[in-house]
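Inspection log for the structure reproduced underneath, given as structure tokens.
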Amino acid sequence: MSVIGSKARRDRIVHLATTTGLASVEELSQLFGVTASTIRRDLAKLTTDGRLARTYGGAMALAAHPEASLRQRVGDAFEAKQAIARWAAAQVRPGETLLLDAGSTVGALAHELRTAEDITVATTGLTALQALSDVETVHVECLGGTLRPLSQGFVGPLTEAALERMTFDRVFLGTDGISPDLGICEADLRQTRLKELMARRADHVYVLAHAAKLGRRPFHAWTALREGWTLVTDDTADPTVLGELRARGVTTVTTTPEPVAVGPRGGDVPGQHT
């Protein structure tokens, strides 16, 4: 690439740190065609100016991706989340025991499960609890623990201890971002630890995430799921990212969002790829 001035380079470093969540000295050196020493001087200047925060081996944006509350996220990609939730609900069979994560897309799944017959749902999310609390055909277990107000989900040692006492037919996880090489991303290490444990306790693991979350690295806490899990997303997902996931043993399912006023198409199951 053509050489750019130091000011323009620093502006681009801030932009990259803000959009990807991380600026590595090595990656930036290769990207801009300058030495690692030059990048370190850039990062030192940007840190002094209050535009970045230094980390080991690089820097990150100051509040680059402030975590949105569950209330703020409920309306994001609403139609896509509904389509994902409908597909996920169609996988559930009577008599099964499910584990539901916190999050808006998994919360949409909980709402779809209100018509389910003879299932048990354990959850770490208040949204799922609220959606299913008055449904007589669904037995609900709350795993409890420490409540994170932003995510409206329970985390911590009490949640993990409760989880150890159960196994599940299916677990449905949410995420803030998905990377083919890193896994699924969250704002809090307690969340990623819990998701890892949740995935270990279920026969079938699903991650529910609309297309905008694919390829994102908004935070620095990750869960690397074991091979064999299923991503359920919408049909605007980046084919390149989907291909990279499939190359790593992930099954990908793409759903087609429908207008809010139109009900689900009976018996329609979107495409699945392995």
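By convention in this document, the chains of the structure tokens carry letters A, B, ... by their order, each chain's residues are numbered from 1, and ligands are numbered from 1 in the order they are shown.
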
DSSP alpha helix (DSSP H) residues within region 28-225 of chain A, as a VMD selection string
chain A and resid 28 to 32 36 to 48 70 to 73 78 to 90 104 to 112 126 to 132 157 to 163 189 to 200

For region 121-127 of chain A, please output as a PyMOL selection string all residues within 6 Å (counting only C-alpha atoms; exclusion window: fewer than 5 positions along the same chain).
chain A and resi 97-102+107+140-143+152-154

Using only C-alpha atoms, tabulate the residues of region 234-257 of chain A lying at most 9 Å from any atom of region 188-212 of chain A, each with its closest atom pair and that distance in Å to one decimal, by chain and increasing residue number, as a Markdown table.
| residue | atom | partner | partner_atom | distance |
| --- | --- | --- | --- | --- |
| A:Asp234 | CA | A:His210 | CA | 5.7 |
| A:Asp235 | CA | A:Ala211 | CA | 7.5 |
| A:Thr236 | CA | A:Ala211 | CA | 5.9 |
| A:Ala237 | CA | A:Ala211 | CA | 4.4 |
| A:Asp238 | CA | A:Ala211 | CA | 7.2 |

Selection from above, N, CA and C atoms, as a PDB file, in the first residue's frame, can you write it?
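Here's the written file out_28.pdb:
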ATOM      1  N   ASP A 234     -28.857 -15.349   9.760  1.00  0.00           N
ATOM      2  CA  ASP A 234     -29.803 -14.999   8.703  1.00  0.00           C
ATOM      3  C   ASP A 234     -29.102 -14.978   7.349  1.00  0.00           C
ATOM      4  N   ASP A 235     -29.904 -14.834   6.292  1.00  0.00           N
ATOM      5  CA  ASP A 235     -29.376 -15.025   4.946  1.00  0.00           C
ATOM      6  C   ASP A 235     -28.563 -13.853   4.403  1.00  0.00           C
ATOM      7  N   THR A 236     -28.309 -12.832   5.235  1.00  0.00           N
ATOM      8  CA  THR A 236     -27.401 -11.764   4.818  1.00  0.00           C
ATOM      9  C   THR A 236     -25.980 -11.992   5.339  1.00  0.00           C
ATOM     10  N   ALA A 237     -25.751 -13.141   5.965  1.00  0.00           N
ATOM     11  CA  ALA A 237     -24.429 -13.441   6.532  1.00  0.00           C
ATOM     12  C   ALA A 237     -23.363 -13.500   5.447  1.00  0.00           C
ATOM     13  N   ASP A 238     -22.169 -13.064   5.784  1.00  0.00           N
ATOM     14  CA  ASP A 238     -21.036 -13.053   4.865  1.00  0.00           C
ATOM     15  C   ASP A 238     -20.675 -14.489   4.467  1.00  0.00           C
TER      16      ASP A 238
END

Just list the residues in region 19-212 of chain A DSSP gives strand (DSSP E) on the backbone, as a VMD selection string.
chain A and resid 23 to 24 52 to 55 58 to 61 97 to 100 119 to 123 138 to 142 146 to 148 153 to 155 168 to 173 177 to 179 183 to 186 202 to 208

Next, dump the selected residues to file, keeping only N, CA and C atoms, as a CSV table (one decimal), in the first residue's frame.
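Output below, filename part_1.csv:
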chain,number,residue,atom,x,y,z
A,23,ALA,N,-5.7,-3.5,18.3
A,23,ALA,CA,-4.7,-3.1,17.3
A,23,ALA,C,-3.4,-3.7,17.8
A,24,SER,N,-2.9,-4.7,17.0
A,24,SER,CA,-1.7,-5.4,17.3
A,24,SER,C,-0.5,-4.7,16.6
A,52,LEU,N,-6.2,6.1,22.7
A,52,LEU,CA,-6.1,4.6,22.8
A,52,LEU,C,-5.7,4.2,24.2
A,53,ALA,N,-5.9,3.0,24.6
A,53,ALA,CA,-5.3,2.4,25.8
A,53,ALA,C,-4.3,1.3,25.4
A,54,ARG,N,-3.1,1.4,26.0
A,54,ARG,CA,-2.1,0.4,25.7
A,54,ARG,C,-2.5,-1.0,26.3
A,55,THR,N,-2.2,-2.0,25.5
A,55,THR,CA,-2.3,-3.4,26.0
A,55,THR,C,-1.0,-4.1,25.7
A,58,GLY,N,0.1,-4.3,21.9
A,58,GLY,CA,-0.6,-3.4,21.1
A,58,GLY,C,-1.4,-2.4,21.8
A,59,ALA,N,-2.6,-2.1,21.4
A,59,ALA,CA,-3.5,-1.1,22.0
A,59,ALA,C,-4.9,-1.4,21.7
A,60,MET,N,-5.8,-0.9,22.5
A,60,MET,CA,-7.3,-1.0,22.2
A,60,MET,C,-7.9,0.4,22.3
A,61,ALA,N,-9.1,0.5,21.7
A,61,ALA,CA,-9.8,1.8,21.7
A,61,ALA,C,-10.4,2.0,23.1
A,97,THR,N,-35.0,-31.6,27.4
A,97,THR,CA,-34.5,-30.6,28.4
A,97,THR,C,-33.6,-29.7,27.7
A,98,LEU,N,-33.9,-28.4,27.8
A,98,LEU,CA,-33.1,-27.4,27.1
A,98,LEU,C,-32.4,-26.5,28.1
A,99,LEU,N,-31.3,-25.9,27.6
A,99,LEU,CA,-30.6,-24.8,28.3
A,99,LEU,C,-30.6,-23.6,27.5
A,100,LEU,N,-31.1,-22.5,28.0
A,100,LEU,CA,-31.2,-21.2,27.3
A,100,LEU,C,-30.2,-20.2,27.9
A,119,ILE,N,-41.8,-29.8,27.8
A,119,ILE,CA,-40.3,-29.6,27.8
A,119,ILE,C,-39.9,-29.0,29.1
A,120,THR,N,-38.6,-29.2,29.4
A,120,THR,CA,-38.0,-28.5,30.6
A,120,THR,C,-37.0,-27.5,30.0
A,121,VAL,N,-37.0,-26.3,30.6
A,121,VAL,CA,-36.1,-25.3,30.2
A,121,VAL,C,-35.4,-24.7,31.4
A,122,ALA,N,-34.0,-24.9,31.4
A,122,ALA,CA,-33.2,-24.2,32.4
A,122,ALA,C,-32.6,-23.0,31.7
A,123,THR,N,-32.4,-21.9,32.4
A,123,THR,CA,-31.9,-20.7,31.8
A,123,THR,C,-31.1,-19.9,32.8
A,138,VAL,N,-44.4,-26.0,30.1
A,138,VAL,CA,-43.0,-25.9,30.2
A,138,VAL,C,-42.5,-25.8,31.6
A,139,HIS,N,-41.7,-26.8,32.0
A,139,HIS,CA,-41.1,-26.7,33.4
A,139,HIS,C,-39.8,-25.9,33.3
A,140,VAL,N,-39.8,-24.9,34.2
A,140,VAL,CA,-38.7,-23.9,34.1
A,140,VAL,C,-37.8,-24.0,35.3
A,141,GLU,N,-36.5,-24.1,35.1
A,141,GLU,CA,-35.4,-24.1,36.1
A,141,GLU,C,-34.6,-22.8,35.9
A,142,CYS,N,-34.4,-22.0,37.0
A,142,CYS,CA,-33.5,-20.9,37.0
A,142,CYS,C,-32.2,-21.2,37.6
A,146,THR,N,-25.0,-14.5,40.1
A,146,THR,CA,-24.9,-13.1,40.2
A,146,THR,C,-25.5,-12.4,38.9
A,147,LEU,N,-26.4,-11.5,39.1
A,147,LEU,CA,-27.1,-10.9,37.9
A,147,LEU,C,-26.2,-9.8,37.3
A,148,ARG,N,-26.0,-9.9,36.0
A,148,ARG,CA,-25.4,-8.8,35.2
A,148,ARG,C,-26.5,-7.9,34.7
A,153,GLY,N,-28.6,-11.4,32.7
A,153,GLY,CA,-28.2,-12.8,32.8
A,153,GLY,C,-27.5,-13.1,34.1
A,154,PHE,N,-27.5,-14.3,34.5
A,154,PHE,CA,-26.8,-14.7,35.7
A,154,PHE,C,-25.5,-15.3,35.4
A,155,VAL,N,-24.4,-15.0,36.1
A,155,VAL,CA,-23.1,-15.6,35.9
A,155,VAL,C,-22.5,-15.9,37.3
A,168,PHE,N,-28.3,-31.6,29.2
A,168,PHE,CA,-29.3,-31.1,28.4
A,168,PHE,C,-29.3,-31.7,27.0
A,169,ASP,N,-30.5,-31.8,26.4
A,169,ASP,CA,-30.5,-32.3,25.0
A,169,ASP,C,-30.0,-31.2,24.0
A,170,ARG,N,-30.3,-29.9,24.3
A,170,ARG,CA,-29.9,-28.9,23.5
A,170,ARG,C,-29.6,-27.6,24.3
A,171,VAL,N,-28.5,-26.9,23.9
A,171,VAL,CA,-28.2,-25.6,24.5
A,171,VAL,C,-28.2,-24.5,23.4
A,172,PHE,N,-28.8,-23.4,23.7
A,172,PHE,CA,-28.9,-22.3,22.8
A,172,PHE,C,-28.2,-21.1,23.4
A,173,LEU,N,-27.1,-20.7,22.7
A,173,LEU,CA,-26.2,-19.6,23.2
A,173,LEU,C,-26.4,-18.4,22.4
A,177,GLY,N,-20.2,-11.5,19.3
A,177,GLY,CA,-19.4,-11.6,18.0
A,177,GLY,C,-19.0,-13.0,17.8
A,178,ILE,N,-18.7,-13.3,16.5
A,178,ILE,CA,-18.2,-14.6,16.1
A,178,ILE,C,-17.0,-14.5,15.2
A,179,SER,N,-15.9,-15.2,15.6
A,179,SER,CA,-14.7,-15.2,14.8
A,179,SER,C,-14.4,-16.7,14.4
A,183,GLY,N,-13.7,-18.1,18.0
A,183,GLY,CA,-14.9,-18.6,18.7
A,183,GLY,C,-16.0,-17.5,18.8
A,184,ILE,N,-16.6,-17.5,20.0
A,184,ILE,CA,-17.7,-16.5,20.3
A,184,ILE,C,-17.2,-15.6,21.3
A,185,CYS,N,-17.7,-14.3,21.2
A,185,CYS,CA,-17.1,-13.2,22.0
A,185,CYS,C,-18.2,-12.7,23.0
A,186,GLU,N,-17.7,-12.2,24.1
A,186,GLU,CA,-18.6,-11.6,25.1
A,186,GLU,C,-17.8,-10.4,25.8
A,202,ALA,N,-24.4,-30.2,27.0
A,202,ALA,CA,-25.5,-30.5,26.1
A,202,ALA,C,-25.1,-31.4,25.0
A,203,ASP,N,-26.0,-32.2,24.5
A,203,ASP,CA,-25.7,-33.0,23.3
A,203,ASP,C,-25.6,-32.2,22.0
A,204,HIS,N,-26.4,-31.2,21.9
A,204,HIS,CA,-26.4,-30.4,20.7
A,204,HIS,C,-26.2,-28.9,21.1
A,205,VAL,N,-25.3,-28.2,20.4
A,205,VAL,CA,-25.0,-26.8,20.8
A,205,VAL,C,-25.3,-25.9,19.6
A,206,TYR,N,-26.1,-24.9,19.9
A,206,TYR,CA,-26.5,-23.9,18.8
A,206,TYR,C,-26.1,-22.5,19.3
A,207,VAL,N,-25.5,-21.8,18.4
A,207,VAL,CA,-25.3,-20.3,18.7
A,207,VAL,C,-26.2,-19.5,17.8
A,208,LEU,N,-27.0,-18.7,18.4
A,208,LEU,CA,-28.0,-17.9,17.7
A,208,LEU,C,-27.4,-16.5,17.5

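Of the listed residues A:Glu96, A:Asp42, A:Glu79, A:Glu164, the one whose atoms come nearest to Ser29 (chain A) is A:Asp42, with distances taken using only C-alpha atoms.
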